[in-house]
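Below is run.cif, which holds mmCIF, N, CA and C atoms.
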```
data_model
#
loop_
_atom_site.label_atom_id
_atom_site.label_comp_id
_atom_site.auth_asym_id
_atom_site.auth_seq_id
_atom_site.Cartn_x
_atom_site.Cartn_y
_atom_site.Cartn_z
N MET A 1 20.48 -5.60 -10.27
CA MET A 1 21.37 -4.80 -9.44
C MET A 1 21.49 -5.47 -8.06
N LYS A 2 22.71 -5.71 -7.63
CA LYS A 2 22.95 -6.26 -6.30
C LYS A 2 23.13 -5.09 -5.33
N LEU A 3 22.36 -5.13 -4.25
CA LEU A 3 22.42 -4.05 -3.26
C LEU A 3 23.69 -4.15 -2.42
N THR A 4 24.31 -2.99 -2.22
CA THR A 4 25.46 -2.92 -1.34
C THR A 4 24.97 -2.59 0.07
N GLU A 5 25.87 -2.65 1.02
CA GLU A 5 25.54 -2.28 2.40
C GLU A 5 25.09 -0.82 2.47
N THR A 6 25.74 0.03 1.69
CA THR A 6 25.37 1.45 1.65
C THR A 6 23.98 1.63 1.05
N ASP A 7 23.67 0.89 -0.01
CA ASP A 7 22.34 0.96 -0.61
C ASP A 7 21.28 0.59 0.42
N ILE A 8 21.53 -0.45 1.18
CA ILE A 8 20.58 -0.90 2.21
C ILE A 8 20.40 0.18 3.27
N LYS A 9 21.49 0.84 3.66
CA LYS A 9 21.38 1.93 4.63
C LYS A 9 20.54 3.07 4.06
N ILE A 10 20.77 3.41 2.81
CA ILE A 10 19.99 4.47 2.16
C ILE A 10 18.50 4.10 2.16
N LEU A 11 18.19 2.87 1.77
CA LEU A 11 16.80 2.44 1.71
C LEU A 11 16.14 2.47 3.08
N ASN A 12 16.85 2.03 4.10
CA ASN A 12 16.27 2.03 5.46
C ASN A 12 16.03 3.44 5.96
N ILE A 13 16.94 4.34 5.67
CA ILE A 13 16.74 5.74 6.08
C ILE A 13 15.56 6.34 5.32
N LEU A 14 15.51 6.12 4.01
CA LEU A 14 14.42 6.68 3.21
C LEU A 14 13.07 6.08 3.56
N SER A 15 13.04 4.83 4.01
CA SER A 15 11.75 4.24 4.39
C SER A 15 11.17 4.91 5.62
N ASP A 16 12.03 5.50 6.45
CA ASP A 16 11.56 6.27 7.61
C ASP A 16 11.34 7.74 7.28
N GLU A 17 12.19 8.28 6.44
CA GLU A 17 12.15 9.72 6.14
C GLU A 17 12.40 9.92 4.64
N GLY A 18 11.34 9.71 3.86
CA GLY A 18 11.45 9.76 2.40
C GLY A 18 11.80 11.13 1.84
N ARG A 19 11.64 12.18 2.65
CA ARG A 19 11.94 13.54 2.16
C ARG A 19 13.33 14.01 2.54
N MET A 20 14.13 13.14 3.15
CA MET A 20 15.48 13.56 3.55
C MET A 20 16.27 13.96 2.31
N SER A 21 16.95 15.06 2.39
CA SER A 21 17.70 15.57 1.25
C SER A 21 18.95 14.72 1.00
N TYR A 22 19.45 14.83 -0.22
CA TYR A 22 20.70 14.14 -0.55
C TYR A 22 21.83 14.61 0.36
N VAL A 23 21.84 15.88 0.68
CA VAL A 23 22.88 16.45 1.55
C VAL A 23 22.83 15.81 2.93
N ASP A 24 21.62 15.73 3.51
CA ASP A 24 21.49 15.14 4.84
C ASP A 24 21.80 13.64 4.84
N LEU A 25 21.36 12.96 3.80
CA LEU A 25 21.71 11.53 3.66
C LEU A 25 23.22 11.37 3.56
N ALA A 26 23.85 12.20 2.75
CA ALA A 26 25.29 12.13 2.57
C ALA A 26 26.03 12.33 3.89
N LYS A 27 25.58 13.31 4.68
CA LYS A 27 26.21 13.56 5.98
C LYS A 27 26.07 12.34 6.89
N GLU A 28 24.88 11.77 6.92
CA GLU A 28 24.63 10.62 7.79
C GLU A 28 25.44 9.39 7.37
N LEU A 29 25.69 9.25 6.09
CA LEU A 29 26.40 8.08 5.57
C LEU A 29 27.87 8.33 5.27
N ASP A 30 28.29 9.57 5.48
CA ASP A 30 29.67 9.95 5.21
C ASP A 30 30.03 9.72 3.73
N LEU A 31 29.14 10.19 2.86
CA LEU A 31 29.33 10.11 1.41
C LEU A 31 29.14 11.51 0.83
N SER A 32 29.44 11.64 -0.45
CA SER A 32 29.15 12.91 -1.12
C SER A 32 27.69 12.94 -1.54
N ARG A 33 27.17 14.14 -1.72
CA ARG A 33 25.78 14.31 -2.17
C ARG A 33 25.59 13.64 -3.53
N VAL A 34 26.58 13.77 -4.40
CA VAL A 34 26.50 13.19 -5.75
C VAL A 34 26.46 11.66 -5.68
N ALA A 35 27.25 11.08 -4.79
CA ALA A 35 27.26 9.62 -4.64
C ALA A 35 25.89 9.11 -4.17
N VAL A 36 25.30 9.83 -3.24
CA VAL A 36 23.97 9.44 -2.74
C VAL A 36 22.94 9.57 -3.86
N ARG A 37 22.96 10.69 -4.57
CA ARG A 37 22.03 10.90 -5.68
C ARG A 37 22.17 9.79 -6.73
N ASP A 38 23.42 9.46 -7.09
CA ASP A 38 23.66 8.43 -8.10
C ASP A 38 23.14 7.07 -7.65
N ARG A 39 23.37 6.73 -6.38
CA ARG A 39 22.90 5.43 -5.87
C ARG A 39 21.37 5.37 -5.88
N ILE A 40 20.73 6.46 -5.47
CA ILE A 40 19.27 6.49 -5.47
C ILE A 40 18.75 6.40 -6.90
N ASN A 41 19.34 7.11 -7.81
CA ASN A 41 18.92 7.04 -9.22
C ASN A 41 19.10 5.64 -9.79
N GLN A 42 20.20 4.97 -9.45
CA GLN A 42 20.42 3.59 -9.90
C GLN A 42 19.34 2.66 -9.36
N MET A 43 18.97 2.85 -8.08
CA MET A 43 17.94 2.00 -7.49
C MET A 43 16.56 2.30 -8.10
N LYS A 44 16.32 3.55 -8.47
CA LYS A 44 15.07 3.89 -9.15
C LYS A 44 15.03 3.24 -10.53
N GLU A 45 16.12 3.35 -11.28
CA GLU A 45 16.18 2.77 -12.62
C GLU A 45 16.06 1.25 -12.59
N ALA A 46 16.58 0.60 -11.53
CA ALA A 46 16.51 -0.85 -11.40
C ALA A 46 15.15 -1.31 -10.87
N GLY A 47 14.30 -0.37 -10.50
CA GLY A 47 12.97 -0.73 -9.99
C GLY A 47 12.96 -1.09 -8.51
N ILE A 48 14.07 -0.92 -7.84
CA ILE A 48 14.14 -1.21 -6.40
C ILE A 48 13.33 -0.16 -5.64
N ILE A 49 13.54 1.10 -5.99
CA ILE A 49 12.71 2.18 -5.48
C ILE A 49 11.64 2.43 -6.53
N GLU A 50 10.40 2.12 -6.17
CA GLU A 50 9.30 2.30 -7.13
C GLU A 50 8.83 3.73 -7.19
N LYS A 51 8.69 4.37 -6.02
CA LYS A 51 8.25 5.76 -5.99
C LYS A 51 8.43 6.31 -4.59
N PHE A 52 8.36 7.62 -4.49
CA PHE A 52 8.35 8.30 -3.20
C PHE A 52 6.92 8.79 -3.00
N SER A 53 6.40 8.62 -1.78
CA SER A 53 5.03 9.04 -1.55
C SER A 53 4.86 9.54 -0.13
N VAL A 54 3.69 10.10 0.12
CA VAL A 54 3.35 10.62 1.44
C VAL A 54 2.38 9.63 2.10
N VAL A 55 2.48 9.47 3.40
CA VAL A 55 1.56 8.61 4.14
C VAL A 55 0.53 9.51 4.80
N ILE A 56 -0.73 9.31 4.45
CA ILE A 56 -1.81 10.14 4.95
C ILE A 56 -2.57 9.37 6.03
N ASN A 57 -2.84 10.01 7.14
CA ASN A 57 -3.64 9.41 8.20
C ASN A 57 -5.09 9.44 7.75
N SER A 58 -5.65 8.29 7.45
CA SER A 58 -7.00 8.22 6.87
C SER A 58 -8.06 8.80 7.80
N GLU A 59 -7.93 8.61 9.09
CA GLU A 59 -8.91 9.15 10.03
C GLU A 59 -8.91 10.67 10.03
N LYS A 60 -7.73 11.27 9.90
CA LYS A 60 -7.61 12.74 9.95
C LYS A 60 -8.21 13.41 8.72
N VAL A 61 -8.39 12.63 7.63
CA VAL A 61 -8.99 13.19 6.41
C VAL A 61 -10.40 12.66 6.18
N GLY A 62 -11.02 12.17 7.27
CA GLY A 62 -12.43 11.80 7.20
C GLY A 62 -12.73 10.39 6.78
N LYS A 63 -11.73 9.54 6.69
CA LYS A 63 -11.97 8.13 6.35
C LYS A 63 -11.85 7.31 7.63
N GLY A 64 -12.91 7.35 8.45
CA GLY A 64 -12.87 6.78 9.79
C GLY A 64 -13.12 5.29 9.88
N VAL A 65 -13.59 4.67 8.79
CA VAL A 65 -13.86 3.24 8.81
C VAL A 65 -12.90 2.53 7.87
N SER A 66 -12.18 1.58 8.43
CA SER A 66 -11.23 0.77 7.68
C SER A 66 -11.74 -0.67 7.70
N ALA A 67 -12.02 -1.21 6.53
CA ALA A 67 -12.57 -2.56 6.44
C ALA A 67 -11.71 -3.42 5.51
N PHE A 68 -11.61 -4.69 5.88
CA PHE A 68 -10.88 -5.66 5.08
C PHE A 68 -11.87 -6.70 4.58
N PHE A 69 -11.77 -7.02 3.30
CA PHE A 69 -12.68 -7.98 2.69
C PHE A 69 -11.89 -9.15 2.11
N ASN A 70 -12.36 -10.35 2.41
CA ASN A 70 -11.90 -11.54 1.71
C ASN A 70 -12.97 -11.83 0.68
N VAL A 71 -12.58 -11.77 -0.57
CA VAL A 71 -13.53 -11.89 -1.68
C VAL A 71 -13.19 -13.13 -2.49
N ASP A 72 -14.16 -14.01 -2.60
CA ASP A 72 -14.00 -15.19 -3.46
C ASP A 72 -14.63 -14.90 -4.80
N CYS A 73 -13.93 -15.31 -5.85
CA CYS A 73 -14.39 -15.06 -7.22
C CYS A 73 -14.39 -16.34 -8.02
N ASP A 74 -15.25 -16.38 -8.99
CA ASP A 74 -15.19 -17.42 -10.01
C ASP A 74 -13.86 -17.21 -10.74
N PRO A 75 -13.07 -18.25 -10.96
CA PRO A 75 -11.75 -18.07 -11.60
C PRO A 75 -11.79 -17.33 -12.93
N THR A 76 -12.86 -17.45 -13.67
CA THR A 76 -12.93 -16.77 -14.96
C THR A 76 -13.15 -15.27 -14.82
N HIS A 77 -13.52 -14.81 -13.61
CA HIS A 77 -13.77 -13.40 -13.36
C HIS A 77 -12.72 -12.76 -12.45
N LEU A 78 -11.73 -13.51 -12.05
CA LEU A 78 -10.76 -13.02 -11.07
C LEU A 78 -10.10 -11.72 -11.50
N VAL A 79 -9.53 -11.68 -12.68
CA VAL A 79 -8.81 -10.49 -13.14
C VAL A 79 -9.78 -9.32 -13.29
N TYR A 80 -10.95 -9.58 -13.82
CA TYR A 80 -11.97 -8.53 -13.97
C TYR A 80 -12.31 -7.91 -12.61
N VAL A 81 -12.61 -8.74 -11.62
CA VAL A 81 -12.98 -8.25 -10.29
C VAL A 81 -11.81 -7.50 -9.66
N ALA A 82 -10.61 -8.06 -9.74
CA ALA A 82 -9.44 -7.41 -9.16
C ALA A 82 -9.18 -6.05 -9.80
N GLU A 83 -9.28 -5.97 -11.11
CA GLU A 83 -9.05 -4.69 -11.80
C GLU A 83 -10.11 -3.67 -11.45
N LYS A 84 -11.37 -4.09 -11.36
CA LYS A 84 -12.45 -3.16 -10.98
C LYS A 84 -12.25 -2.65 -9.56
N LEU A 85 -11.88 -3.54 -8.64
CA LEU A 85 -11.62 -3.11 -7.27
C LEU A 85 -10.43 -2.16 -7.22
N ALA A 86 -9.38 -2.47 -7.96
CA ALA A 86 -8.18 -1.63 -7.96
C ALA A 86 -8.46 -0.22 -8.50
N GLU A 87 -9.43 -0.09 -9.40
CA GLU A 87 -9.80 1.22 -9.94
C GLU A 87 -10.60 2.06 -8.96
N ASN A 88 -11.20 1.44 -7.97
CA ASN A 88 -12.11 2.13 -7.05
C ASN A 88 -11.30 2.96 -6.05
N PRO A 89 -11.56 4.25 -5.94
CA PRO A 89 -10.79 5.10 -5.02
C PRO A 89 -10.96 4.75 -3.54
N LYS A 90 -12.01 4.03 -3.20
CA LYS A 90 -12.20 3.61 -1.81
C LYS A 90 -11.28 2.44 -1.44
N VAL A 91 -10.78 1.74 -2.44
CA VAL A 91 -9.93 0.56 -2.21
C VAL A 91 -8.49 1.01 -2.04
N ALA A 92 -7.95 0.76 -0.83
CA ALA A 92 -6.56 1.13 -0.54
C ALA A 92 -5.59 0.09 -1.06
N SER A 93 -5.98 -1.19 -1.04
CA SER A 93 -5.12 -2.25 -1.56
C SER A 93 -5.97 -3.45 -1.94
N CYS A 94 -5.46 -4.22 -2.87
CA CYS A 94 -6.15 -5.43 -3.33
C CYS A 94 -5.09 -6.43 -3.76
N TYR A 95 -5.13 -7.62 -3.16
CA TYR A 95 -4.12 -8.64 -3.41
C TYR A 95 -4.79 -9.97 -3.76
N GLN A 96 -4.20 -10.70 -4.69
CA GLN A 96 -4.61 -12.08 -4.92
C GLN A 96 -3.88 -12.94 -3.89
N MET A 97 -4.62 -13.81 -3.23
CA MET A 97 -4.07 -14.57 -2.12
C MET A 97 -4.19 -16.07 -2.36
N THR A 98 -3.36 -16.83 -1.64
CA THR A 98 -3.57 -18.27 -1.55
C THR A 98 -4.49 -18.50 -0.37
N GLY A 99 -4.96 -19.71 -0.22
CA GLY A 99 -5.81 -20.02 0.92
C GLY A 99 -7.28 -19.97 0.55
N PRO A 100 -8.14 -19.84 1.56
CA PRO A 100 -9.58 -19.96 1.30
C PRO A 100 -10.19 -18.79 0.54
N SER A 101 -9.55 -17.63 0.53
CA SER A 101 -10.11 -16.49 -0.20
C SER A 101 -9.24 -16.15 -1.40
N THR A 102 -9.88 -15.64 -2.44
CA THR A 102 -9.17 -15.31 -3.67
C THR A 102 -8.50 -13.95 -3.59
N LEU A 103 -9.27 -12.93 -3.17
CA LEU A 103 -8.75 -11.56 -3.10
C LEU A 103 -8.87 -11.03 -1.68
N HIS A 104 -7.85 -10.32 -1.25
CA HIS A 104 -7.87 -9.64 0.04
C HIS A 104 -7.84 -8.15 -0.27
N THR A 105 -8.86 -7.43 0.19
CA THR A 105 -9.04 -6.03 -0.19
C THR A 105 -9.20 -5.17 1.05
N HIS A 106 -8.54 -4.02 1.07
CA HIS A 106 -8.65 -3.06 2.17
C HIS A 106 -9.37 -1.83 1.65
N VAL A 107 -10.41 -1.43 2.36
CA VAL A 107 -11.26 -0.32 1.94
C VAL A 107 -11.28 0.73 3.04
N LEU A 108 -11.20 2.01 2.65
CA LEU A 108 -11.30 3.13 3.58
C LEU A 108 -12.49 3.99 3.18
N VAL A 109 -13.41 4.21 4.13
CA VAL A 109 -14.60 5.02 3.87
C VAL A 109 -14.87 5.93 5.06
N GLU A 110 -15.77 6.89 4.85
CA GLU A 110 -16.07 7.87 5.90
C GLU A 110 -16.79 7.27 7.10
N ASP A 111 -17.82 6.47 6.83
CA ASP A 111 -18.65 5.96 7.92
C ASP A 111 -19.32 4.65 7.49
N PHE A 112 -20.13 4.10 8.39
CA PHE A 112 -20.75 2.81 8.11
C PHE A 112 -21.82 2.90 7.02
N ASN A 113 -22.45 4.05 6.87
CA ASN A 113 -23.39 4.22 5.76
C ASN A 113 -22.67 4.10 4.42
N GLU A 114 -21.51 4.74 4.33
CA GLU A 114 -20.73 4.65 3.09
C GLU A 114 -20.21 3.23 2.87
N LEU A 115 -19.86 2.55 3.96
CA LEU A 115 -19.41 1.16 3.85
C LEU A 115 -20.54 0.27 3.33
N GLU A 116 -21.73 0.45 3.88
CA GLU A 116 -22.88 -0.34 3.42
C GLU A 116 -23.15 -0.08 1.94
N LYS A 117 -23.09 1.18 1.55
CA LYS A 117 -23.31 1.55 0.15
C LYS A 117 -22.23 0.92 -0.75
N PHE A 118 -20.96 0.95 -0.31
CA PHE A 118 -19.88 0.32 -1.07
C PHE A 118 -20.16 -1.17 -1.26
N ILE A 119 -20.51 -1.84 -0.17
CA ILE A 119 -20.76 -3.29 -0.24
C ILE A 119 -21.91 -3.60 -1.19
N ASN A 120 -23.03 -2.93 -0.99
CA ASN A 120 -24.24 -3.26 -1.76
C ASN A 120 -24.21 -2.78 -3.20
N GLU A 121 -23.65 -1.60 -3.43
CA GLU A 121 -23.73 -1.02 -4.77
C GLU A 121 -22.47 -1.18 -5.62
N GLU A 122 -21.33 -1.37 -4.97
CA GLU A 122 -20.09 -1.46 -5.74
C GLU A 122 -19.46 -2.86 -5.70
N LEU A 123 -19.44 -3.46 -4.54
CA LEU A 123 -18.81 -4.78 -4.42
C LEU A 123 -19.74 -5.88 -4.94
N TYR A 124 -20.94 -5.96 -4.40
CA TYR A 124 -21.88 -7.01 -4.84
C TYR A 124 -22.30 -6.83 -6.29
N ALA A 125 -22.12 -5.67 -6.84
CA ALA A 125 -22.51 -5.42 -8.24
C ALA A 125 -21.54 -6.04 -9.24
N LEU A 126 -20.37 -6.46 -8.78
CA LEU A 126 -19.37 -7.02 -9.70
C LEU A 126 -19.71 -8.47 -10.04
N ASP A 127 -19.72 -8.77 -11.34
CA ASP A 127 -19.96 -10.14 -11.80
C ASP A 127 -18.81 -11.04 -11.38
N GLY A 128 -19.13 -12.24 -10.96
CA GLY A 128 -18.11 -13.24 -10.67
C GLY A 128 -17.79 -13.42 -9.20
N ILE A 129 -18.31 -12.55 -8.33
CA ILE A 129 -18.05 -12.71 -6.90
C ILE A 129 -18.98 -13.80 -6.36
N THR A 130 -18.39 -14.75 -5.64
CA THR A 130 -19.19 -15.86 -5.10
C THR A 130 -19.37 -15.76 -3.58
N ARG A 131 -18.47 -15.05 -2.89
CA ARG A 131 -18.57 -14.92 -1.44
C ARG A 131 -17.76 -13.73 -0.98
N VAL A 132 -18.27 -13.02 0.04
CA VAL A 132 -17.57 -11.89 0.62
C VAL A 132 -17.59 -12.04 2.13
N GLU A 133 -16.43 -11.89 2.73
CA GLU A 133 -16.30 -11.89 4.18
C GLU A 133 -15.67 -10.57 4.57
N SER A 134 -16.24 -9.87 5.56
CA SER A 134 -15.71 -8.56 5.92
C SER A 134 -15.22 -8.54 7.37
N HIS A 135 -14.23 -7.69 7.60
CA HIS A 135 -13.66 -7.47 8.92
C HIS A 135 -13.46 -5.97 9.09
N ILE A 136 -13.92 -5.43 10.22
CA ILE A 136 -13.80 -4.00 10.49
C ILE A 136 -12.62 -3.80 11.45
N LEU A 137 -11.75 -2.87 11.10
CA LEU A 137 -10.60 -2.55 11.95
C LEU A 137 -11.08 -1.80 13.19
N LEU A 138 -10.69 -2.28 14.36
CA LEU A 138 -11.01 -1.59 15.61
C LEU A 138 -9.88 -0.67 16.04
N ARG A 139 -8.65 -1.19 15.97
CA ARG A 139 -7.49 -0.39 16.39
C ARG A 139 -6.26 -0.89 15.64
N ARG A 140 -5.42 0.03 15.22
CA ARG A 140 -4.19 -0.29 14.50
C ARG A 140 -3.03 -0.26 15.50
N PHE A 141 -2.29 -1.35 15.54
CA PHE A 141 -1.11 -1.41 16.40
C PHE A 141 0.16 -1.14 15.60
N LYS A 142 0.16 -1.54 14.35
CA LYS A 142 1.33 -1.31 13.51
C LYS A 142 0.86 -1.25 12.05
N SER A 143 1.45 -0.33 11.34
CA SER A 143 1.19 -0.22 9.91
C SER A 143 2.47 0.29 9.28
N ARG A 144 2.98 -0.43 8.32
CA ARG A 144 4.21 0.00 7.67
C ARG A 144 3.95 0.08 6.19
N THR A 145 4.41 1.16 5.61
CA THR A 145 4.23 1.35 4.18
C THR A 145 5.46 0.95 3.39
N GLY A 146 6.62 0.96 4.03
CA GLY A 146 7.85 0.63 3.33
C GLY A 146 8.50 -0.62 3.90
N LEU A 147 9.29 -1.26 3.11
CA LEU A 147 10.00 -2.46 3.52
C LEU A 147 11.27 -2.09 4.26
N LYS A 148 11.53 -2.74 5.38
CA LYS A 148 12.79 -2.55 6.10
C LYS A 148 13.72 -3.70 5.72
N LEU A 149 14.96 -3.36 5.41
CA LEU A 149 15.95 -4.38 5.05
C LEU A 149 16.90 -4.65 6.19
#
```

Can you present the structure in this file as structure tokens?
Amino acid sequence: MKLTETDIKILNILSDEGRMSYVDLAKELDLSRVAVRDRINQMKEAGIIEKFSVVINSEKVGKGVSAFFNVDCDPTHLVYVAEKLAENPKVASCYQMTGPSTLHTHVLVEDFNELEKFINEELYALDGITRVESHILLRRFKSRTGLKL
């Protein structure tokens, strides 16, 4: 599916306000509600819109420590380690990367005791990990969950 200018406008609006109604979107774009609904459904069917979700402030729900891990793995264990990390509810994201580290993982936990427990009992327990480097978030300046076009 090739995106039109209107599709791009819809996506940019929804990336800021995912709960905006079809009626409000239609008013803002000078389209009918049905046209907006159809365009959104087409983008969902094409996989352009993967899902609608809520952004939760991790600190406000008791996850005060945000840590990033660069994890090196033996190549034969890469998929195993990545899948195990992805299953863990403490892991917010996990990506295979180029460069000196194999996996880049973001973890959210309540406090440093829970972080230490995660590292020692869950991360180091995985077969195939050869090196772990950690970074603790001090302050967030920007965080975006959606892509802007």

When the PyMOL selection byres (((chain A and resi 118 and name CA) around 12) and name CA) is applied to the file above, which residues end up in the set, as a PyMOL selection string? chain A and resi 65+67+69+85+88-91+107-117+119-126

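Going from CA of Arg37 in chain A to CA of Tyr22 in chain A covers 6.2 Å.
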
Any chance you could work out the residue set of the PyMOL selection byres (((chain A and resi 8 and name CA) around 12) and name CA) here, as JSON, numbers by chain? {"A": [2, 3, 4, 5, 6, 7, 9, 10, 11, 12, 13, 14, 15, 29, 36, 39, 40, 43, 48, 49, 147, 148, 149]}

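From CA of Lys51 in chain A back to atom C of Gly18 in chain A, the distance works out to 10.1 Å.
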
For Ile129 in chain A, please output as a list in words all residues within 12 Å (counting only C-alpha atoms; exclusion window: fewer than 4 positions along the same chain). Phe69, Asn70, Val71, Asp72, Cys73, Asp74, Pro75, Thr76, His77, Leu78, Val79, Tyr80, Val81, Ala82, Lys84, Leu85, Ser101, Thr102, Leu103, Ile119, Glu122, Leu123, Tyr124, Ala125 and Glu133 of chain A

Take the residues just selected and output them with N, CA and C atoms as a PDB file, in the frame of the given file.
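Wrote selection.pdb, looks like this:
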```pdb
ATOM      1  N   PHE A  69     -11.770  -7.020   3.300  1.00  0.00           N
ATOM      2  CA  PHE A  69     -12.680  -7.980   2.690  1.00  0.00           C
ATOM      3  C   PHE A  69     -11.890  -9.150   2.110  1.00  0.00           C
ATOM      4  N   ASN A  70     -12.360 -10.350   2.410  1.00  0.00           N
ATOM      5  CA  ASN A  70     -11.900 -11.540   1.710  1.00  0.00           C
ATOM      6  C   ASN A  70     -12.970 -11.830   0.680  1.00  0.00           C
ATOM      7  N   VAL A  71     -12.580 -11.770  -0.570  1.00  0.00           N
ATOM      8  CA  VAL A  71     -13.530 -11.890  -1.680  1.00  0.00           C
ATOM      9  C   VAL A  71     -13.190 -13.130  -2.490  1.00  0.00           C
ATOM     10  N   ASP A  72     -14.160 -14.010  -2.600  1.00  0.00           N
ATOM     11  CA  ASP A  72     -14.000 -15.190  -3.460  1.00  0.00           C
ATOM     12  C   ASP A  72     -14.630 -14.900  -4.800  1.00  0.00           C
ATOM     13  N   CYS A  73     -13.930 -15.310  -5.850  1.00  0.00           N
ATOM     14  CA  CYS A  73     -14.390 -15.060  -7.220  1.00  0.00           C
ATOM     15  C   CYS A  73     -14.390 -16.340  -8.020  1.00  0.00           C
ATOM     16  N   ASP A  74     -15.250 -16.380  -8.990  1.00  0.00           N
ATOM     17  CA  ASP A  74     -15.190 -17.420 -10.010  1.00  0.00           C
ATOM     18  C   ASP A  74     -13.860 -17.210 -10.740  1.00  0.00           C
ATOM     19  N   PRO A  75     -13.070 -18.250 -10.960  1.00  0.00           N
ATOM     20  CA  PRO A  75     -11.750 -18.070 -11.600  1.00  0.00           C
ATOM     21  C   PRO A  75     -11.790 -17.330 -12.930  1.00  0.00           C
ATOM     22  N   THR A  76     -12.860 -17.450 -13.670  1.00  0.00           N
ATOM     23  CA  THR A  76     -12.930 -16.770 -14.960  1.00  0.00           C
ATOM     24  C   THR A  76     -13.150 -15.270 -14.820  1.00  0.00           C
ATOM     25  N   HIS A  77     -13.520 -14.810 -13.610  1.00  0.00           N
ATOM     26  CA  HIS A  77     -13.770 -13.400 -13.360  1.00  0.00           C
ATOM     27  C   HIS A  77     -12.720 -12.760 -12.450  1.00  0.00           C
ATOM     28  N   LEU A  78     -11.730 -13.510 -12.050  1.00  0.00           N
ATOM     29  CA  LEU A  78     -10.760 -13.020 -11.070  1.00  0.00           C
ATOM     30  C   LEU A  78     -10.100 -11.720 -11.500  1.00  0.00           C
ATOM     31  N   VAL A  79      -9.530 -11.680 -12.680  1.00  0.00           N
ATOM     32  CA  VAL A  79      -8.810 -10.490 -13.140  1.00  0.00           C
ATOM     33  C   VAL A  79      -9.780  -9.320 -13.290  1.00  0.00           C
ATOM     34  N   TYR A  80     -10.950  -9.580 -13.820  1.00  0.00           N
ATOM     35  CA  TYR A  80     -11.970  -8.530 -13.970  1.00  0.00           C
ATOM     36  C   TYR A  80     -12.310  -7.910 -12.610  1.00  0.00           C
ATOM     37  N   VAL A  81     -12.610  -8.740 -11.620  1.00  0.00           N
ATOM     38  CA  VAL A  81     -12.980  -8.250 -10.290  1.00  0.00           C
ATOM     39  C   VAL A  81     -11.810  -7.500  -9.660  1.00  0.00           C
ATOM     40  N   ALA A  82     -10.610  -8.060  -9.740  1.00  0.00           N
ATOM     41  CA  ALA A  82      -9.440  -7.410  -9.160  1.00  0.00           C
ATOM     42  C   ALA A  82      -9.180  -6.050  -9.800  1.00  0.00           C
ATOM     43  N   LYS A  84     -11.370  -4.090 -11.360  1.00  0.00           N
ATOM     44  CA  LYS A  84     -12.450  -3.160 -10.980  1.00  0.00           C
ATOM     45  C   LYS A  84     -12.250  -2.650  -9.560  1.00  0.00           C
ATOM     46  N   LEU A  85     -11.880  -3.540  -8.640  1.00  0.00           N
ATOM     47  CA  LEU A  85     -11.620  -3.110  -7.270  1.00  0.00           C
ATOM     48  C   LEU A  85     -10.430  -2.160  -7.220  1.00  0.00           C
ATOM     49  N   SER A 101      -9.550 -17.630   0.530  1.00  0.00           N
ATOM     50  CA  SER A 101     -10.110 -16.490  -0.200  1.00  0.00           C
ATOM     51  C   SER A 101      -9.240 -16.150  -1.400  1.00  0.00           C
ATOM     52  N   THR A 102      -9.880 -15.640  -2.440  1.00  0.00           N
ATOM     53  CA  THR A 102      -9.170 -15.310  -3.670  1.00  0.00           C
ATOM     54  C   THR A 102      -8.500 -13.950  -3.590  1.00  0.00           C
ATOM     55  N   LEU A 103      -9.270 -12.930  -3.170  1.00  0.00           N
ATOM     56  CA  LEU A 103      -8.750 -11.560  -3.100  1.00  0.00           C
ATOM     57  C   LEU A 103      -8.870 -11.030  -1.680  1.00  0.00           C
ATOM     58  N   ILE A 119     -20.510  -1.840  -0.170  1.00  0.00           N
ATOM     59  CA  ILE A 119     -20.760  -3.290  -0.240  1.00  0.00           C
ATOM     60  C   ILE A 119     -21.910  -3.600  -1.190  1.00  0.00           C
ATOM     61  N   GLU A 122     -21.330  -1.370  -4.970  1.00  0.00           N
ATOM     62  CA  GLU A 122     -20.090  -1.460  -5.740  1.00  0.00           C
ATOM     63  C   GLU A 122     -19.460  -2.860  -5.700  1.00  0.00           C
ATOM     64  N   LEU A 123     -19.440  -3.460  -4.540  1.00  0.00           N
ATOM     65  CA  LEU A 123     -18.810  -4.780  -4.420  1.00  0.00           C
ATOM     66  C   LEU A 123     -19.740  -5.880  -4.940  1.00  0.00           C
ATOM     67  N   TYR A 124     -20.940  -5.960  -4.400  1.00  0.00           N
ATOM     68  CA  TYR A 124     -21.880  -7.010  -4.840  1.00  0.00           C
ATOM     69  C   TYR A 124     -22.300  -6.830  -6.290  1.00  0.00           C
ATOM     70  N   ALA A 125     -22.120  -5.670  -6.840  1.00  0.00           N
ATOM     71  CA  ALA A 125     -22.510  -5.420  -8.240  1.00  0.00           C
ATOM     72  C   ALA A 125     -21.540  -6.040  -9.240  1.00  0.00           C
ATOM     73  N   GLU A 133     -16.430 -11.890   2.730  1.00  0.00           N
ATOM     74  CA  GLU A 133     -16.300 -11.890   4.180  1.00  0.00           C
ATOM     75  C   GLU A 133     -15.670 -10.570   4.570  1.00  0.00           C
TER      76      GLU A 133
END
```

Any chance you could list, as a ChimeraX atom specification, the residues in chain A that come up strand (DSSP E) when DSSP is run on the backbone? /A:65-73,91-96,103-109,129-136

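Here CA of Ala46 in chain A is placed at a distance of 6.6 Å from CA of Met1 in chain A.
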
Residues within 8 Å of (-5.1, -7.0, -0.9), counting all atoms listed in the file, listed as a ChimeraX atom specification: /A:69,92-97,103-106

DSSP on the backbone, then: every residue of range 1-79 of chain A marked alpha helix (DSSP H), written as a PyMOL selection string. chain A and resi 5-16+22-29+33-45+78-79
